[in-house]
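**Student:** What follows is coords.txt, made up of compact mmCIF, C-alpha atoms:
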# COMPACT_ATOMS: atom_id res chain seq x y z
CA MET A 16 -5.20 0.99 1.78
CA GLU A 17 -7.81 2.08 -0.75
CA VAL A 18 -7.47 0.98 -4.38
CA ARG A 19 -9.24 2.77 -7.24
CA ILE A 20 -9.35 0.64 -10.39
CA THR A 21 -10.04 2.07 -13.84
CA PRO A 22 -11.34 -0.26 -16.59
CA SER A 23 -8.22 -1.69 -18.18
CA GLU A 24 -6.75 -4.06 -20.71
CA VAL A 25 -4.22 -6.50 -19.25
CA HIS A 26 -1.48 -8.22 -21.22
CA GLY A 27 1.78 -9.86 -20.29
CA ARG A 28 3.56 -12.52 -18.29
CA VAL A 29 3.76 -12.93 -14.51
CA SER A 30 5.25 -15.57 -12.23
CA ALA A 31 2.92 -17.92 -10.40
CA PRO A 32 2.47 -17.10 -6.70
CA GLN A 33 3.61 -19.77 -4.27
CA SER A 34 1.18 -21.99 -2.35
CA LYS A 35 -0.07 -20.84 1.01
CA SER A 36 -1.45 -24.29 1.85
CA TYR A 37 1.84 -26.08 1.14
CA THR A 38 3.88 -23.41 2.94
CA HIS A 39 1.89 -23.86 6.17
CA ARG A 40 2.29 -27.62 6.09
CA ALA A 41 5.95 -27.61 5.05
CA ILE A 42 6.92 -25.39 7.99
CA LEU A 43 5.13 -27.74 10.38
CA ALA A 44 6.60 -30.87 8.77
CA ALA A 45 10.12 -29.44 9.02
CA GLY A 46 9.49 -28.83 12.72
CA HIS A 47 8.40 -32.43 13.20
CA ALA A 48 11.51 -33.57 11.32
CA GLY A 49 13.77 -31.64 13.69
CA ALA A 50 15.39 -29.76 10.82
CA GLY A 51 14.57 -28.79 7.26
CA THR A 52 14.73 -26.13 4.58
CA VAL A 53 11.62 -24.81 2.85
CA CYS A 54 12.43 -23.19 -0.50
CA ASN A 55 10.27 -20.55 -2.18
CA PRO A 56 7.78 -20.28 0.69
CA LEU A 57 4.91 -17.85 0.39
CA ALA A 58 5.65 -14.83 2.56
CA SER A 59 2.23 -13.63 3.73
CA ALA A 60 0.39 -12.67 6.89
CA ASP A 61 -1.05 -16.18 7.24
CA THR A 62 2.23 -18.03 6.79
CA ALA A 63 3.90 -15.58 9.19
CA ALA A 64 1.33 -16.70 11.76
CA THR A 65 2.43 -20.31 11.28
CA ILE A 66 6.08 -19.32 11.69
CA ARG A 67 5.32 -17.48 14.95
CA ALA A 68 3.33 -20.43 16.26
CA ALA A 69 6.03 -22.97 15.39
CA GLU A 70 8.58 -20.78 17.18
CA LEU A 71 6.39 -20.64 20.29
CA PHE A 72 6.40 -24.45 20.28
CA GLY A 73 10.21 -24.29 20.39
CA ALA A 74 11.36 -24.20 16.77
CA ASP A 75 14.09 -21.85 15.54
CA ILE A 76 13.18 -20.50 12.09
CA THR A 77 15.60 -18.40 10.05
CA ARG A 78 14.43 -16.43 7.03
CA GLY A 79 16.94 -16.44 4.19
CA ASP A 80 16.88 -15.43 0.54
CA GLY A 81 13.90 -17.34 -0.78
CA GLU A 82 13.97 -19.97 1.92
CA LEU A 83 13.19 -20.81 5.53
CA THR A 84 15.54 -22.88 7.66
CA VAL A 85 13.76 -24.73 10.45
CA GLU A 86 15.46 -26.33 13.45
CA ALA A 87 13.55 -27.90 16.31
CA PRO A 88 14.76 -29.50 19.53
CA ALA A 89 14.25 -33.12 20.48
CA GLY A 90 10.76 -33.61 21.83
CA TRP A 91 9.27 -30.88 19.63
CA PRO A 92 6.63 -29.55 20.02
CA LEU A 93 7.37 -28.16 23.46
CA THR A 94 4.71 -26.52 25.61
CA PRO A 95 4.58 -22.84 24.54
CA PRO A 96 5.59 -20.19 27.09
CA ASP A 97 2.80 -17.88 25.93
CA VAL A 98 -0.60 -17.86 24.23
CA VAL A 99 -0.40 -18.95 20.58
CA ASP A 100 -2.08 -16.15 18.61
CA CYS A 101 -2.85 -17.35 15.08
CA GLY A 102 -4.12 -13.99 13.84
CA ASN A 103 -6.57 -14.43 10.97
CA SER A 104 -5.21 -17.78 9.80
CA GLY A 105 -7.68 -20.63 10.22
CA THR A 106 -5.20 -23.10 8.76
CA THR A 107 -2.58 -22.09 11.31
CA PHE A 108 -5.11 -22.44 14.10
CA ARG A 109 -6.28 -25.94 13.15
CA LEU A 110 -2.80 -27.30 12.41
CA MET A 111 -1.38 -25.85 15.62
CA THR A 112 -4.30 -27.00 17.75
CA ALA A 113 -3.48 -30.59 16.76
CA THR A 114 0.23 -29.87 17.25
CA ALA A 115 -0.53 -28.67 20.79
CA ALA A 116 -2.12 -32.05 21.47
CA LEU A 117 1.34 -33.64 21.06
CA ALA A 118 2.94 -31.44 23.74
CA GLY A 119 3.04 -32.65 27.30
CA GLY A 120 1.59 -29.53 28.91
CA THR A 121 -1.30 -27.17 28.30
CA THR A 122 -1.52 -24.72 25.40
CA VAL A 123 -3.87 -21.77 24.88
CA LEU A 124 -4.59 -20.79 21.27
CA THR A 125 -6.55 -17.81 19.99
CA GLY A 126 -6.87 -15.53 16.96
CA ASP A 127 -8.40 -12.30 15.75
CA GLY A 128 -12.09 -11.42 15.94
CA SER A 129 -12.93 -13.25 12.72
CA LEU A 130 -11.10 -16.42 13.66
CA ARG A 131 -12.76 -16.46 17.08
CA THR A 132 -16.15 -16.94 15.36
CA ARG A 133 -15.12 -20.04 13.39
CA PRO A 134 -16.10 -23.56 14.52
CA GLN A 135 -13.44 -25.66 16.25
CA GLY A 136 -15.59 -27.96 18.39
CA GLN A 137 -15.20 -31.12 16.32
CA LEU A 138 -11.40 -30.91 16.44
CA LEU A 139 -11.45 -30.29 20.19
CA GLN A 140 -13.74 -33.29 20.69
CA ALA A 141 -11.47 -35.49 18.58
CA ILE A 142 -8.44 -34.48 20.66
CA THR A 143 -10.32 -35.44 23.81
CA GLU A 144 -11.35 -38.81 22.35
CA LEU A 145 -7.74 -39.50 21.34
CA GLY A 146 -6.47 -39.15 24.90
CA GLY A 147 -5.86 -35.43 25.29
CA ARG A 148 -8.13 -32.63 26.37
CA GLY A 149 -9.57 -29.91 24.19
CA MET A 150 -11.99 -27.24 25.29
CA SER A 151 -13.26 -23.82 24.31
CA THR A 152 -12.86 -21.18 27.01
CA ARG A 153 -16.37 -19.92 26.23
CA GLY A 154 -17.88 -23.37 25.89
CA ASN A 155 -19.11 -22.62 22.37
CA GLY A 156 -16.60 -24.59 20.31
CA GLN A 157 -14.79 -21.42 19.25
CA ALA A 158 -11.44 -19.85 20.12
CA PRO A 159 -9.85 -19.18 22.51
CA VAL A 160 -9.20 -22.88 23.16
CA ILE A 161 -7.21 -24.83 25.72
CA VAL A 162 -5.46 -28.04 24.67
CA SER A 163 -3.65 -30.51 26.91
CA GLY A 164 -1.67 -33.50 25.69
CA PRO A 165 -0.12 -35.70 24.73
CA ILE A 166 -2.68 -37.66 22.75
CA ARG A 167 -2.04 -41.38 22.32
CA GLY A 168 -3.90 -41.79 19.02
CA GLY A 169 -6.61 -44.30 18.14
CA SER A 170 -9.89 -44.25 16.25
CA VAL A 171 -12.22 -41.29 16.04
CA GLY A 172 -15.36 -40.35 14.15
CA MET A 173 -15.33 -37.14 12.09
CA VAL A 174 -18.12 -35.34 10.24
CA GLY A 175 -15.77 -33.79 7.69
CA GLU A 176 -17.30 -30.31 7.74
CA THR A 177 -13.86 -28.90 7.01
CA SER A 178 -10.80 -30.62 5.60
CA GLN A 179 -8.53 -28.71 7.97
CA PHE A 180 -9.55 -30.84 10.97
CA ILE A 181 -8.60 -34.00 9.09
CA SER A 182 -5.35 -32.55 7.77
CA ALA A 183 -4.38 -31.38 11.25
CA LEU A 184 -4.95 -34.82 12.77
CA LEU A 185 -3.09 -36.59 9.95
CA MET A 186 -0.03 -34.42 10.52
CA ALA A 187 -0.11 -34.90 14.29
CA GLY A 188 -1.16 -38.55 14.15
CA ALA A 189 2.12 -39.72 12.64
CA ARG A 190 3.84 -38.65 15.87
CA THR A 191 1.48 -40.54 18.18
CA ASP A 192 2.05 -44.09 19.42
CA ALA A 193 -1.09 -45.57 17.90
CA GLY A 194 -1.65 -43.39 14.85
CA ILE A 195 -5.08 -41.99 14.05
CA ASP A 196 -7.85 -43.72 12.10
CA MET A 197 -10.69 -41.35 11.18
CA THR A 198 -14.12 -42.61 10.17
CA LEU A 199 -16.37 -40.29 8.15
CA PRO A 200 -20.08 -40.98 7.52
CA SER A 201 -19.93 -39.17 4.17
CA PRO A 202 -17.28 -37.65 1.88
CA PRO A 203 -15.75 -34.55 3.48
CA ASN A 204 -15.95 -31.05 2.11
CA GLU A 205 -12.75 -29.74 0.53
CA GLU A 206 -11.33 -33.25 0.08
CA PRO A 207 -8.55 -32.15 -2.32
CA TYR A 208 -6.95 -30.27 0.57
CA ILE A 209 -6.63 -33.57 2.45
CA HIS A 210 -4.88 -35.12 -0.54
CA LEU A 211 -2.61 -32.06 -0.60
CA THR A 212 -1.71 -32.84 3.02
CA ILE A 213 -1.06 -36.50 2.17
CA ASP A 214 1.16 -35.37 -0.72
CA LEU A 215 3.16 -33.14 1.65
CA LEU A 216 3.44 -35.92 4.23
CA ASP A 217 4.78 -38.28 1.55
CA ALA A 218 7.43 -35.69 0.67
CA PHE A 219 8.58 -35.84 4.31
CA GLY A 220 8.57 -39.65 4.50
CA VAL A 221 5.24 -40.10 6.30
CA ASP A 222 2.62 -42.60 5.13
CA ALA A 223 -1.03 -41.55 5.31
CA ALA A 224 -3.92 -42.63 3.13
CA LYS A 225 -7.58 -42.53 2.30
CA THR A 226 -9.37 -45.64 3.56
CA ASP A 227 -12.74 -47.20 2.82
CA ALA A 228 -14.14 -45.48 5.92
CA GLY A 229 -12.19 -42.22 5.95
CA PHE A 230 -8.51 -41.37 6.40
CA ALA A 231 -5.69 -42.86 8.48
CA VAL A 232 -2.06 -42.33 9.41
CA GLY A 233 0.15 -44.84 11.19
CA GLY A 234 1.82 -43.96 14.47
CA GLY A 235 5.47 -43.93 15.43
CA GLN A 236 6.59 -42.42 12.14
CA GLN A 237 9.55 -40.12 11.66
CA TYR A 238 9.34 -36.99 9.53
CA GLY A 239 12.38 -36.25 7.39
CA ARG A 240 13.80 -35.61 3.93
CA ASP A 241 17.31 -35.43 2.51
CA SER A 242 16.85 -32.32 0.38
CA PRO A 243 15.15 -28.93 0.73
CA TYR A 244 11.42 -28.89 0.12
CA GLU A 245 10.31 -26.61 -2.71
CA VAL A 246 6.86 -25.07 -2.33
CA PRO A 247 4.72 -25.42 -5.50
CA PRO A 248 2.64 -22.61 -7.03
CA ASP A 249 -0.82 -21.76 -5.68
CA PHE A 250 -3.79 -22.28 -7.99
CA SER A 251 -6.13 -20.39 -5.63
CA SER A 252 -4.12 -17.19 -5.96
CA MET A 253 -3.34 -17.89 -9.60
CA SER A 254 -7.08 -18.01 -10.36
CA TYR A 255 -7.38 -14.20 -10.12
CA LEU A 256 -4.59 -13.65 -12.64
CA LEU A 257 -6.05 -16.20 -15.05
CA ALA A 258 -9.51 -14.68 -14.63
CA ALA A 259 -8.09 -11.23 -15.41
CA GLY A 260 -6.86 -12.57 -18.72
CA ALA A 261 -10.28 -14.07 -19.43
CA VAL A 262 -12.16 -10.78 -18.93
CA ALA A 263 -9.64 -8.11 -19.90
CA GLY A 264 -7.00 -9.26 -22.38
CA GLU A 265 -4.44 -12.05 -22.21
CA VAL A 266 -2.31 -13.21 -19.30
CA THR A 267 0.44 -15.84 -19.18
CA VAL A 268 1.37 -17.27 -15.78
CA THR A 269 4.80 -18.91 -15.68
CA GLY A 270 6.30 -21.48 -13.35
CA VAL A 271 3.19 -23.67 -13.25
CA ARG A 272 3.18 -27.43 -12.90
CA PRO A 273 0.33 -29.93 -12.44
CA SER A 274 -0.71 -30.41 -8.83
CA VAL A 275 -3.05 -32.34 -6.55
CA GLN A 276 -4.51 -28.96 -5.54
CA GLY A 277 -8.25 -28.97 -6.12
CA ASP A 278 -8.12 -25.34 -7.23
CA GLN A 279 -6.26 -26.44 -10.36
CA ARG A 280 -9.83 -26.98 -11.56
CA ILE A 281 -10.00 -23.25 -12.39
CA VAL A 282 -8.13 -24.02 -15.62
CA ASP A 283 -10.89 -26.37 -16.79
CA LEU A 284 -13.66 -24.04 -15.59
CA LEU A 285 -12.26 -21.14 -17.59
CA GLY A 286 -12.30 -23.33 -20.67
CA GLU A 287 -15.87 -24.44 -19.98
CA MET A 288 -16.94 -20.80 -19.78
CA GLY A 289 -15.40 -20.11 -23.18
CA ALA A 290 -12.07 -18.46 -22.40
CA ASP A 291 -9.08 -19.14 -24.63
CA VAL A 292 -6.99 -21.43 -22.40
CA ARG A 293 -3.58 -22.86 -23.33
CA TRP A 294 -1.46 -24.86 -20.89
CA ASP A 295 2.03 -25.70 -22.09
CA ARG A 296 3.01 -28.27 -19.48
CA ASP A 297 6.52 -28.68 -20.86
CA ALA A 298 7.20 -24.95 -20.55
CA GLY A 299 5.21 -24.65 -17.30
CA GLU A 300 3.03 -21.83 -18.64
CA ILE A 301 -0.71 -21.20 -18.70
CA THR A 302 -2.09 -18.53 -21.03
CA VAL A 303 -5.69 -17.32 -20.77
CA GLY A 304 -7.13 -14.91 -23.31
CA ARG A 305 -10.41 -13.03 -23.52
CA ARG A 306 -13.28 -14.50 -25.48
CA PRO A 307 -17.05 -14.23 -24.85
CA LEU A 308 -17.86 -16.08 -21.62
CA THR A 309 -20.98 -18.10 -20.87
CA GLY A 310 -22.32 -18.95 -17.42
CA ILE A 311 -21.99 -22.48 -16.05
CA GLU A 312 -23.13 -24.52 -13.05
CA VAL A 313 -20.40 -25.43 -10.57
CA ASP A 314 -20.34 -27.59 -7.43
CA ILE A 315 -17.68 -26.10 -5.15
CA ALA A 316 -17.86 -28.51 -2.22
CA ASP A 317 -14.22 -29.42 -2.92
CA VAL A 318 -12.97 -26.00 -4.07
CA PRO A 319 -14.45 -23.37 -1.73
CA ASP A 320 -11.68 -20.84 -2.34
CA LEU A 321 -12.71 -20.59 -5.99
CA LEU A 322 -16.16 -19.19 -5.18
CA PRO A 323 -15.14 -15.50 -5.44
CA THR A 324 -13.31 -16.10 -8.74
CA ILE A 325 -16.19 -18.06 -10.29
CA ALA A 326 -18.71 -15.45 -9.15
CA ALA A 327 -16.55 -12.68 -10.64
CA LEU A 328 -16.38 -14.51 -13.96
CA GLY A 329 -20.13 -15.11 -13.81
CA ALA A 330 -20.78 -11.38 -13.46
CA VAL A 331 -18.94 -10.73 -16.74
CA ALA A 332 -20.31 -13.77 -18.59
CA ASP A 333 -23.51 -14.05 -20.58
CA GLY A 334 -26.21 -16.26 -19.12
CA THR A 335 -26.40 -17.56 -15.56
CA THR A 336 -23.67 -18.95 -13.32
CA ARG A 337 -24.98 -21.15 -10.52
CA ILE A 338 -22.59 -22.06 -7.70
CA ARG A 339 -23.80 -25.00 -5.60
CA ASN A 340 -22.85 -26.57 -2.26
CA CYS A 341 -21.32 -23.40 -0.91
CA GLY A 342 -22.77 -23.38 2.61
CA HIS A 343 -19.36 -24.10 4.16
CA VAL A 344 -17.96 -21.02 2.41
CA ARG A 345 -20.09 -18.93 4.76
CA HIS A 346 -17.74 -20.00 7.59
CA LYS A 347 -14.39 -18.86 6.21
CA GLU A 348 -12.77 -15.57 7.28
CA THR A 349 -16.12 -14.02 6.36
CA ASP A 350 -19.45 -15.16 4.94
CA ARG A 351 -18.07 -15.07 1.42
CA VAL A 352 -21.38 -16.01 -0.16
CA ASP A 353 -23.27 -13.09 1.36
CA LEU A 354 -20.47 -10.55 0.93
CA MET A 355 -19.87 -11.51 -2.69
CA ARG A 356 -23.58 -11.12 -3.39
CA GLU A 357 -23.60 -7.71 -1.73
CA ALA A 358 -20.48 -6.42 -3.50
CA LEU A 359 -21.45 -7.66 -6.96
CA SER A 360 -24.92 -6.18 -6.51
CA GLU A 361 -23.28 -2.83 -5.76
CA MET A 362 -21.55 -3.12 -9.13
CA GLY A 363 -24.82 -3.72 -10.95
CA ALA A 364 -24.76 -7.49 -11.17
CA VAL A 365 -27.97 -9.44 -10.70
CA VAL A 366 -27.14 -11.85 -7.87
CA SER A 367 -29.15 -13.99 -5.46
CA ASP A 368 -28.30 -16.58 -2.86
CA THR A 369 -29.75 -19.34 -0.70
CA PRO A 370 -28.00 -21.07 2.21
CA GLU A 371 -26.24 -23.41 -0.27
CA THR A 372 -26.16 -21.52 -3.58
CA LEU A 373 -24.98 -18.32 -5.20
CA VAL A 374 -26.53 -17.39 -8.54
CA VAL A 375 -25.04 -14.69 -10.78
CA ARG A 376 -27.06 -13.62 -13.82
CA GLY A 377 -24.38 -11.99 -15.89
CA GLY A 378 -26.61 -11.74 -18.94
CA GLU A 379 -28.97 -9.47 -17.01
CA SER A 380 -26.20 -7.39 -15.44
CA SER A 381 -24.77 -4.00 -16.32
CA LEU A 382 -21.49 -3.64 -14.46
CA THR A 383 -20.47 -0.21 -13.20
CA GLY A 384 -17.86 1.02 -10.77
CA GLY A 385 -18.50 2.67 -7.45
CA VAL A 386 -17.41 2.45 -3.84
CA LEU A 387 -17.65 -1.17 -2.74
CA PRO A 388 -18.48 -2.29 0.80
CA ASN A 389 -15.57 -3.11 3.08
CA THR A 390 -15.28 -6.91 3.02
CA ALA A 391 -11.84 -7.08 4.69
CA ASP A 392 -11.48 -10.42 2.87
CA HIS A 393 -8.40 -11.05 0.74
CA ARG A 394 -10.10 -13.38 -1.73
CA LEU A 395 -13.05 -11.08 -2.32
CA ILE A 396 -10.77 -8.08 -2.83
CA MET A 397 -8.83 -9.89 -5.55
CA ALA A 398 -11.95 -11.28 -7.25
CA LEU A 399 -13.67 -7.89 -7.25
CA SER A 400 -10.54 -6.31 -8.71
CA VAL A 401 -10.98 -8.64 -11.68
CA VAL A 402 -14.59 -7.49 -12.14
CA ALA A 403 -13.44 -3.87 -11.90
CA LEU A 404 -11.22 -4.35 -14.95
CA ALA A 405 -14.35 -4.98 -17.05
CA ALA A 406 -16.83 -2.61 -15.35
CA ASP A 407 -17.73 0.89 -16.54
CA GLY A 408 -16.24 3.67 -14.42
CA ILE A 409 -13.86 3.64 -11.49
CA THR A 410 -14.23 0.98 -8.78
CA THR A 411 -13.04 1.84 -5.28
CA ILE A 412 -12.08 -1.10 -3.04
CA PRO A 413 -11.40 -0.25 0.62
CA ASP A 414 -9.00 -2.09 2.93
CA ALA A 415 -7.22 -3.66 -0.03
CA GLU A 416 -4.16 -4.33 2.13
CA HIS A 417 -5.88 -7.55 3.21
CA VAL A 418 -4.48 -9.23 0.09
CA ASP A 419 -1.31 -9.58 2.19
CA ILE A 420 -2.99 -12.54 3.91
CA SER A 421 -2.47 -14.82 0.91
CA PHE A 422 -1.04 -12.93 -2.11
CA PRO A 423 0.97 -9.84 -1.10
CA GLY A 424 2.16 -9.32 -4.66
CA PHE A 425 -1.30 -9.28 -6.25
CA PHE A 426 -1.46 -5.58 -7.10
CA ASP A 427 2.17 -5.62 -8.25
CA CYS A 428 1.18 -8.34 -10.72
CA LEU A 429 -1.80 -6.30 -11.94
CA ALA A 430 0.47 -3.30 -12.48
CA GLN A 431 2.96 -5.46 -14.36
CA LEU A 432 0.12 -6.58 -16.64
CA GLY A 433 -0.91 -3.00 -17.39
CA ALA A 434 -3.96 -2.58 -15.17
CA ARG A 435 -4.67 1.06 -14.32
CA PHE A 436 -5.25 1.81 -10.67
CA THR A 437 -4.15 4.04 -7.82
CA GLN A 438 -3.44 3.17 -4.20
CA GLU A 439 -3.88 5.46 -1.23
Can I see the file as structure tokens?
**Tutor:**
Amino acid sequence: MEVRITPSEVHGRVSAPQSKSYTHRAILAAGHAGAGTVCNPLASADTAATIRAAELFGADITRGDGELTVEAPAGWPLTPPDVVDCGNSGTTFRLMTATAALAGGTTVLTGDGSLRTRPQGQLLQAITELGGRGMSTRGNGQAPVIVSGPIRGGSVGMVGETSQFISALLMAGARTDAGIDMTLPSPPNEEPYIHLTIDLLDAFGVDAAKTDAGFAVGGGQQYGRDSPYEVPPDFSSMSYLLAAGAVAGEVTVTGVRPSVQGDQRIVDLLGEMGADVRWDRDAGEITVGRRPLTGIEVDIADVPDLLPTIAALGAVADGTTRIRNCGHVRHKETDRVDLMREALSEMGAVVSDTPETLVVRGGESSLTGGVLPNTADHRLIMALSVVALAADGITTIPDAEHVDISFPGFFDCLAQLGARFTQE
């Protein structure tokens, strides 16, 4: 799908999108519990991958009106009868790789071309050290991988290059005999995502915690809850709607409540850049209005998914926006640092990067539309759509259907707010 965006004013109210991160974890937790209902799950390509994977491990998942009903047999997860294909979802892959380590047999997991380039070696090594066996079929630490279990638990050292390894082991560790105690030599990247996992585990009756040395979860625990689990809104996806208000009018997002999500930081960052930000916590509404923006310096070690949004805002702002500690963002679905630099440069922004930084000189930029390179990355497509609202001329974004990975309703929300665009 190709989207052609005309410079537009946006005004209005839209509902907050639901959290992809919580939806993944809630589906898995309900499987571990043996039964559960997940209310208001995000329906996206990535969460569909988690549903398919959970079903291959033996769960029965029924899609209802705004909910998922999960039932799993005793002894879940079972050894899958087929290869577990996680598509483009790195979260699905990491969570299900650790889940496979609980099964008694051998599981093969893979994904699409992008996912098969992402590092998995540290998680495979941890599974081996915990009593299972994890290996890459190509011997390069990348998918496809083969996992044999069950793991017994124990202590393991982790580098913390991605929070997903730690989250995956915390969720699986509660089901082991010994639990899992992870030691990290330094604070991990993306740490708020680990606290998100701990928050989800607590909602399902599982105790896990940050320790002086790292993170730990006790063994022999039972997942369960007496009521349906309601998925909270997603601040990562919400960031594009709030940014649209900051550069092109005024947007109110409804159904918002405070969260442990690190990406909630976007609300503060918008205020630091000069946007008119109002959060009515009693009403559950955030309103962001356009005012002159000024560049800022941001460390995104903990909030990698905000890089495209911050860079987009920096292109519109006066002054310079410097984004630091973004090396790990080069290893997401794409190299988001390099592709964001390339796409913003095509639009007339003055952008440079190093292995760990992205610098956007909005004050030196003159933004114009044009045909952007094909990034095939959902977060870049949404961030560049925000820039297009404020650029001169029509901006053409190819392969825009990739927003279905995390926010299928993104362009519907833009239309509801009055943005002018066509889709082909």
**Student:** Just checking: using all atoms listed in the file, which residue out of A:Gly105, A:Gly168, A:Gly188, A:Gly299 ends up closest to Lys347 (chain A)?
**Tutor:**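 With all atoms listed in the file as the atom set, the closest residue is A:Gly105.
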**Student:** From the set A:Ser129, A:Ser252, A:Gln140, A:Thr122, which residue has the shortest atom-to-atom contact distance to Val174 (chain A), counting all atoms listed in the file?
**Tutor:** A:Gln140
**Student:** Could you work out how far CA of Leu404 (chain A) lies from CA of Thr369 (chain A), giving the answer in Å with one decimal?
**Tutor:** 27.8 Å
**Student:** Write out as a ChimeraX atom specification which residues come within 10 Å of Met253 (chain A) when counting all atoms listed in the file, dropping same-chain ones fewer than 6 positions away.
**Tutor:** /A:29-34,268,271,278-279,281-282,422,425
**Student:** Nearest to Gln137 (chain A) among A:Thr390, A:Gln179, A:Thr437, A:Ser163, with distances taken over only C-alpha atoms: which residue is it?
**Tutor:**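 Ranking A:Thr390, A:Gln179, A:Thr437, A:Ser163 by distance to Gln137 (chain A), first place goes to A:Gln179.
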**Student:** Please provide as a PyMOL selection string all residues within 10 Å of region 204-220 of chain A, with the sequence filter that same-chain residues fewer than 2 positions apart are discarded (counting only C-alpha atoms).
**Tutor:** chain A and resi 36-38+40-41+44-45+47-48+51+174-183+185-186+189+201-202+222-225+230+232+236-242+244+246+274-278+315-320+340-341+343
**Student:** Nearest to Val162 (chain A): which of A:Leu124, A:Gln135, A:Gly194, A:Ala63 is it, counting all atoms listed in the file?
**Tutor:** A:Leu124
**Student:** Give as a PyMOL selection string every residue, naming chains and numbers as the document does, that has an atom within 6 Å of (-9.0, -16.2, -23.8), counting only C-alpha atoms.
**Tutor:** chain A and resi 261+290-292+303-306
**Student:** Of the candidates A:Glu17, A:Asp314, A:Glu287, A:Asp419, which one gets nearest to Glu371 (chain A) if we count all atoms listed in the file?
**Tutor:**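 Of A:Glu17, A:Asp314, A:Glu287, A:Asp419, the one nearest Glu371 (chain A), counting all atoms listed in the file, is A:Asp314.
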**Student:** Give the answer as one residue: which of A:Gly119, A:Gly310, A:Gly46, A:Gly384 has the shortest atom-to-atom distance to Ile409 (chain A), using all atoms listed in the file?
**Tutor:**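 Smallest distance to Ile409 (chain A) is found for A:Gly384.
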**Student:** Here's a test: counting only C-alpha atoms, identify every protein, DNA and RNA residue with an atom at most 9 Å from (-16.0, 1.7, -2.3) in the file's coordinate frame, and state them as a list in words.
**Tutor:**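 Within 9 Å of (-16.0, 1.7, -2.3), the protein and nucleic acid residues are Glu17, Val18, Arg19, Gly384, Gly385, Val386, Leu387, Pro388, Asn389, Thr410, Thr411, Ile412 and Pro413 of chain A.
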**Student:** Record the distance separating CA of Gly172 (chain A) and CA of Pro200 (chain A), expressed in Å with one decimal.
**Tutor:**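 Here the two named atoms are 8.2 Å from each other.
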**Student:** Quote the spacing between CA of Leu257 (chain A) and CA of Thr302 (chain A) in Å to one decimal place.
**Tutor:**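 Going from CA of Leu257 (chain A) over to CA of Thr302 (chain A), I get 7.5 Å.
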**Student:** Tell me, as JSON, numbers by chain, which residues lie within 8 Å of region 428-430 of chain A, counting all atoms listed in the file; anything in the same chain fewer than 4 positions away does not count.
**Tutor:** {"A": [25, 29, 256, 424, 434, 435, 436]}
**Student:** Could you save those same residues with C-alpha atoms as an mmCIF file, in the coordinates of the input?
**Tutor:**
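Result saved to again.cif:
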data_model
loop_
_atom_site.group_PDB
_atom_site.id
_atom_site.type_symbol
_atom_site.label_atom_id
_atom_site.label_comp_id
_atom_site.auth_asym_id
_atom_site.auth_seq_id
_atom_site.Cartn_x
_atom_site.Cartn_y
_atom_site.Cartn_z
ATOM 1 C CA VAL A 25 -4.220 -6.500 -19.250
ATOM 2 C CA VAL A 29 3.760 -12.930 -14.510
ATOM 3 C CA LEU A 256 -4.590 -13.650 -12.640
ATOM 4 C CA GLY A 424 2.160 -9.320 -4.660
ATOM 5 C CA ALA A 434 -3.960 -2.580 -15.170
ATOM 6 C CA ARG A 435 -4.670 1.060 -14.320
ATOM 7 C CA PHE A 436 -5.250 1.810 -10.670
#
